[in-house]
Structures are given as structure tokens and as C-alpha cells.
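Report on the following structure.
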Amino acid sequence: MRKISADYIFPIHQAPIKNGVVEVDKNGTIVQLGHRKDYAETDLEIHKGILTPGLVNTHCHLELSHMKGKVDTGTSLIPFISSVVQFRDVSQKMIDKAIARGDAQMYKEGIVAVGDISNKTDTAACKSNSKIKYYTFVEMFDFLQDAWTEDTYQQYNEVYKGQADQDGNKKSMVPHAPYSVSVNLFKKLAKANKKGSTVSIHNQETPDENLFFQKKKGAFLDFYKNFDISIDDFQAMGINSIDYALKYMNPDCKTLFVHNTMTNKADIEKAHAWNKNCYWATCPNANLYIENRLPNYQHFLDTNAKVTIGTDSLTSNWQLSIVEEMKAIAKYQSYVPLNTLLTWATLNGAAALGYEDELGSLEVGKTPGLVLLNMGRGLTFKASTRAKRLI
Ligand SMILES: [Zn+2]
């Protein structure tokens, strides 16, 4: 039995404990929480900093790890996507190496579970052998072409079959984004997953996305033109992109909206009225990398939204670290309280991926992992704050 103590413990399901102690058995199961004064000091492992449950990364594209540093920052979404498509031609050996490196980096960063987007089966072997739990979202898009739905679905169904779902790993089939998924494909995907599974969708990442659905204007017209795909059949709908998704997604699935950079309070409230199991993944460093803007987190606090944190891929981030994401939020929107930020990074993420019975909080009986963070004065993040994995 290890009795681990630090300046503060953040159990997440209850208030932080100053000079707290976490008792953990040899399997990593939480046995008891306590106070340092009730223990003999010689029995304790004492650390400087704060202790939190293992971190959860709800949005990653591990299969894109080989493109680290290849795509320019600050270009906005559409040029970004165009660059990503160009760089997909890399040797399998390099791709596999980068995937293994990404998985190892996340483990070292104290990450215990990942929601990972897959368009291919490149990551399947790595995920099967990883110490991290993976929820694989096999992502489909047919560029709004009803005529392409069947072929798209069949193609990705093969990718789905190739994904591992053993030893705590899970998988589902998901739409890519409102601007890339036809009504037909949305309808097929709504029937594809079991009740209670998690479905993710990229949402409102750029102002042009709403503009496209509202008025059929903006950069998505060029996006389709560049791919030489006709959208003559697409009509302006006078609604936001999320409204289109809500019309066709299945409210019996947990729904993880990803990015939400342009999402406003009314959008969040509409989604909550549609499905009480909505989760909102924010990937601040990716938003800064691609669009150089961030969501307004006050909207999410005001609506009691269950926010989670993702890293996105190494194509649009400098590292795969939930601590670096928390630092970015704390730097630019410092009104988000530390305990709230840690809840986003742990328990909310675990719940979004259906791992809340074992991960996400230091509750007795769970095996959530244990992470030490070296904080600055007044429990603030400093540039040198890092995650140290204790379990
Ligand atoms: Zn993404």
C-alpha cells in the first residue's frame, strides 16, 4: 500500500484537501483519502505540488502524428485542411514510429484515456498494446454528396472492423463535421451505434462554418471548389452548423462536440435540450495553432456545460499534453477556476468516453491513475508546470 501526500489533493468528486493523503493499493485502486496529520510522517511519500486523477484527452488524431511541424500556424481552417491532405504521402514506417511516439508521450504526460479519431487502421496495433485506454471514433465524411454515402459507409465500415475494442478499448462510427456529412450519411450513422455509446463531431471551428449553413457563403465555397466537388444541390438553411447536426444525430448517444470555437450560449442550450448527455471538447492549443482564436469559456460556465479537454493531433499542436492545454486556458481565460479546469481534464473526459466508473476522480474503488503537478504560487500554472505520473 502506498500513502501518497502533496500540498493539495484534488479528488474532483469532492473539494480539494490541503495536505491530503491518497492511499493506493498495488493494483492502483484508491483505498482511502485522508489528512497528513492522521499519519506517521515516515509512512508517507510526500511531494510538493498537487495530486490529481490521471488526465483524459477526449480529442486526438493519433494517426496524424507524423505531420508534427509540417503545417503552418495561423492559416485558418480551410488552408490547414488542404495542407493536411497534401502531406498524407509518407512511408508506413515513419507513420508507425510517430504513432508509437505519440502514444508514449501521452502516457508520460499522465494521460489515462483518449478519444481518438481514426480514418484508417494505422493506430489499431498501437492502441491494442498501449497502457492507455482508447475510445476510437471511426470518422466518416462524404463531402455532402448523397450519391457517395453508400461507398463511404462501406469503406469506413472496413476501417471500423479493423479497430480494437478489447481490454477496455471501445469504438464507434461518427460523422466528421456538419460541413462534410450529407443528410443520408448522418441518418445512417444515427443508426450505427448502440444506445449509450459516444459519438464525436467537429463543431463550429471557424466562422465560415455557420456562414455556409446560414447563407451558403464564405470560405467553404472555395473549399469545395478546390476539391472540384459540386455543391449545387446544397441550399442555404438559415441555421447554424450545429443545428444541422442536431437534426440528424442520435440523442440516445453521448455526444462529444469538438472545438466549439464559435459556439454561443443559444447553441449550447439547444444541444442540452436535445440531449442531456452532451460534452464539449475544447482543444485550445489547436485552435491557436490553426485559427489563432479560442472559444469563449464563459458561455460554457454559464450553461453548466460539461467541458472536456483534447489535444487534437500533432499536425495542429506542438505536443500531446493535457497540462499544456490547461495552461493555455489558464493563460488566456484565467477566470476559469482551477478545480473546474481539472474537472474538465479528468472526470468530465472520463464520463464523455464512458470510463467514469474507473477513471476521472480519486474515489475509493476506482483506478484513475495519479498525477503530480508542480504549481506556482497561489496554485497557478507556471511555464515550468509539468505532469509527473506517480501511478
Ligand atoms: Zn480533430
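To be explicit about the labels: the chains of the C-alpha cells are called A, B, and onward in the order shown, and within each one the residues are counted from 1, while ligands get numbers from 1 in the order they are shown.
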
Problem - Contacts of Asp43 (chain A) within 10 Å, only C-alpha atoms, excl. fewer than 5 positions in-chain, as a list in words - result: Arg2, Lys3 and Ile4 of chain A

Exercise for the section: Identify all residues of region 113-352 of chain A in alpha helix (DSSP H) (DSSP on the backbone) and supply them as a ChimeraX atom specification. Expected result: /A:124-129,149-161,183-192,207-215,219-226,241-248,265-274,284-290,297-302,322-332,338-345,347-352

Practice task
Pick out the residues sitting within 9 Å of Ser118 (chain A), and hand them over as a list in words; count only C-alpha atoms, and ignore anything fewer than 5 positions along from it in its own chain.
Solution key: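 Selected residues are His61, Leu62, Glu63, Thr123, Thr136, Phe137, Val138, Glu139, Val159, Tyr160 and Gln163 of chain A.
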
Requested write-out: N, CA and C atoms of the selected residues, as a PDB file, in the first residue's frame:
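Final output, part.pdb:
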```pdb
ATOM      1  N   HIS A  61      -5.975  12.824 -32.947  1.00  0.00           N
ATOM      2  CA  HIS A  61      -5.901  12.042 -34.189  1.00  0.00           C
ATOM      3  C   HIS A  61      -4.498  11.450 -34.161  1.00  0.00           C
ATOM      4  N   LEU A  62      -4.334  10.355 -33.424  1.00  0.00           N
ATOM      5  CA  LEU A  62      -3.001   9.768 -33.264  1.00  0.00           C
ATOM      6  C   LEU A  62      -2.382   9.409 -34.617  1.00  0.00           C
ATOM      7  N   GLU A  63      -3.225   9.050 -35.581  1.00  0.00           N
ATOM      8  CA  GLU A  63      -2.708   8.621 -36.897  1.00  0.00           C
ATOM      9  C   GLU A  63      -2.066   9.766 -37.688  1.00  0.00           C
ATOM     10  N   THR A 123      -3.466   3.034 -36.415  1.00  0.00           N
ATOM     11  CA  THR A 123      -3.193   3.098 -34.974  1.00  0.00           C
ATOM     12  C   THR A 123      -3.678   1.851 -34.226  1.00  0.00           C
ATOM     13  N   THR A 136     -11.967   4.672 -29.882  1.00  0.00           N
ATOM     14  CA  THR A 136     -11.707   5.035 -31.279  1.00  0.00           C
ATOM     15  C   THR A 136     -12.993   5.486 -31.962  1.00  0.00           C
ATOM     16  N   PHE A 137     -12.952   6.670 -32.527  1.00  0.00           N
ATOM     17  CA  PHE A 137     -14.073   7.187 -33.311  1.00  0.00           C
ATOM     18  C   PHE A 137     -13.705   7.051 -34.790  1.00  0.00           C
ATOM     19  N   VAL A 138     -14.318   6.071 -35.458  1.00  0.00           N
ATOM     20  CA  VAL A 138     -14.070   5.915 -36.895  1.00  0.00           C
ATOM     21  C   VAL A 138     -14.921   6.966 -37.605  1.00  0.00           C
ATOM     22  N   GLU A 139     -14.224   7.892 -38.234  1.00  0.00           N
ATOM     23  CA  GLU A 139     -14.868   9.117 -38.697  1.00  0.00           C
ATOM     24  C   GLU A 139     -15.158   9.062 -40.195  1.00  0.00           C
ATOM     25  N   VAL A 159     -12.727  -0.019 -42.024  1.00  0.00           N
ATOM     26  CA  VAL A 159     -11.824   0.601 -41.039  1.00  0.00           C
ATOM     27  C   VAL A 159     -12.341   0.307 -39.625  1.00  0.00           C
ATOM     28  N   TYR A 160     -13.642   0.405 -39.453  1.00  0.00           N
ATOM     29  CA  TYR A 160     -14.263   0.135 -38.136  1.00  0.00           C
ATOM     30  C   TYR A 160     -13.972  -1.294 -37.683  1.00  0.00           C
ATOM     31  N   GLN A 163     -10.597  -1.944 -36.076  1.00  0.00           N
ATOM     32  CA  GLN A 163     -10.219  -1.266 -34.823  1.00  0.00           C
ATOM     33  C   GLN A 163     -10.422  -2.186 -33.631  1.00  0.00           C
TER      34      GLN A 163
END
```

Practice task
Find the residues around Ala273 (chain A) up to 12 Å (only C-alpha atoms counted), leave out those fewer than 4 positions away in its own chain, and share them as a list in words.
Solution key: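 Listing them by chain and then by number gives Leu246, Pro251, Ala266, Asp267, Ile268, Glu269, Asn277, Cys278, Thr303 and Ala305 of chain A.
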
Just-selected residues, C-alpha atoms written as a compact mmCIF listing (two decimals), in the first residue's frame:
```txt
# COMPACT_ATOMS: atom_id res chain seq x y z
CA LEU A 246 -28.72 18.14 -34.14
CA PRO A 251 -29.82 11.83 -28.97
CA ALA A 266 -28.03 29.61 -27.54
CA ASP A 267 -26.23 26.81 -29.44
CA ILE A 268 -25.26 25.12 -26.16
CA GLU A 269 -28.76 25.42 -24.73
CA ASN A 277 -25.51 13.80 -22.40
CA CYS A 278 -23.71 16.50 -24.36
CA THR A 303 -24.81 26.97 -19.18
CA ALA A 305 -21.87 22.61 -19.94
```

Problem - Exercise answer, 12 Å around ligand 1 with only C-alpha atoms and all ligand atoms, as number ranges by chain - result: A: 57-64, 77, 80-81, 84, 115-119, 137-139, 175-177, 200-205, 256-260, 281-287, 290, 310-317

Interface rows for region 122-184 of chain A against region 335-352 of chain A: nearest pair, Å to one decimal, 12 Å, only C-alpha atoms, as a tab-separated table:
```
residue	atom	partner	partner_atom	distance
A:Lys133	CA	A:Ala350	CA	10.4
A:Tyr134	CA	A:Ala350	CA	11.1
A:Tyr135	CA	A:Ala352	CA	10.1
```

Exercise for the section: Return as a ChimeraX atom specification the full set of residues in region 217-388 of chain A whose backbone-based DSSP assignment is strand (DSSP E). Expected result: /A:254-259,278-282,306-309,370-373,387-388

Handout entry: For Ala125 (chain A), the nearest of the candidates A:Asp165, A:Glu41, A:Asp228, A:Asp146, counting only C-alpha atoms
Key =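 Counting only C-alpha atoms, the residue closest to Ala125 (chain A) is A:Asp165.
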
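What separates CA of Glu158 (chain A) from CA of Ser180 (chain A) is a distance of 19.9 Å.
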
Exercise for the section: Within 12 Å of Lys225 (chain A), counting only C-alpha atoms, which residues show up once you throw out same-chain ones fewer than 6 positions away? Write them as a PyMOL selection string, please. Expected result: chain A and resi 78+82+143+218-219+231-232

Given the selection you just returned, output its residues as a file containing C-alpha atoms, formatted as a JSON list (two decimals), in the first residue's frame.
```json
[["chain", "number", "residue", "atom", "x", "y", "z"],
["A", 78, "ILE", "CA", -9.56, 25.63, -44.76],
["A", 82, "SER", "CA", -5.76, 21.49, -47.67],
["A", 143, "PHE", "CA", -18.49, 15.84, -48.81],
["A", 218, "GLY", "CA", -17.72, 32.12, -47.20],
["A", 219, "ALA", "CA", -14.59, 30.01, -47.43],
["A", 231, "ILE", "CA", -22.40, 21.65, -54.03],
["A", 232, "ASP", "CA", -25.08, 22.93, -56.40]]
```

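Comparing A:Gln333, A:Asn304, A:Ser321, A:Thr206 by their smallest distance to Thr75 (chain A), the closest is A:Thr206 (using only C-alpha atoms).
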
Practice task
For Tyr153 (chain A), please output as a VMD selection string all residues within 12 Å (counting only C-alpha atoms; exclusion window: fewer than 3 positions along the same chain).
Solution key: chain A and resid 119 138 to 142 146 to 150 156 to 160 173 to 175 181 to 182 184 to 189 192

Exercise for the section: Go through A:Gln319, A:Gln214, A:Gln145, A:Ser91 and flag the residue nearest Ala104 (chain A), using only C-alpha atoms for the distances. Expected result: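 Closest candidate: A:Gln319.
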
Handout entry: A:Ile229, A:Ile329, A:Val22, A:Met1 ranked by distance to Pro368 (chain A), top pick (using only C-alpha atoms)
Key = A:Val22

Problem - Contacts of Ile95 (chain A) within 6 Å, only C-alpha atoms, excl. fewer than 3 positions in-chain, as a list in words - result: His66, Gln92 and Ala98 of chain A

Got time to write the residues from that selection, C-alpha atoms, as a PDB file, in the first residue's frame?
```pdb
ATOM      1  CA  HIS A  66       3.904  12.105 -38.370  1.00  0.00           C
ATOM      2  CA  GLN A  92       4.337   3.460 -43.313  1.00  0.00           C
ATOM      3  CA  ALA A  98       5.301   8.637 -34.963  1.00  0.00           C
TER       4      ALA A  98
END
```

Exercise for the section: Have a look at CA of Leu294 (chain A) and CA of Asp208 (chain A) and let me know their distance in Å, one decimal. Expected result: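 A separation of 15.2 Å between them.
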
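The interatomic distance for the pair CA of Thr263 (chain A) and CA of Val307 (chain A) works out to 12.6 Å.
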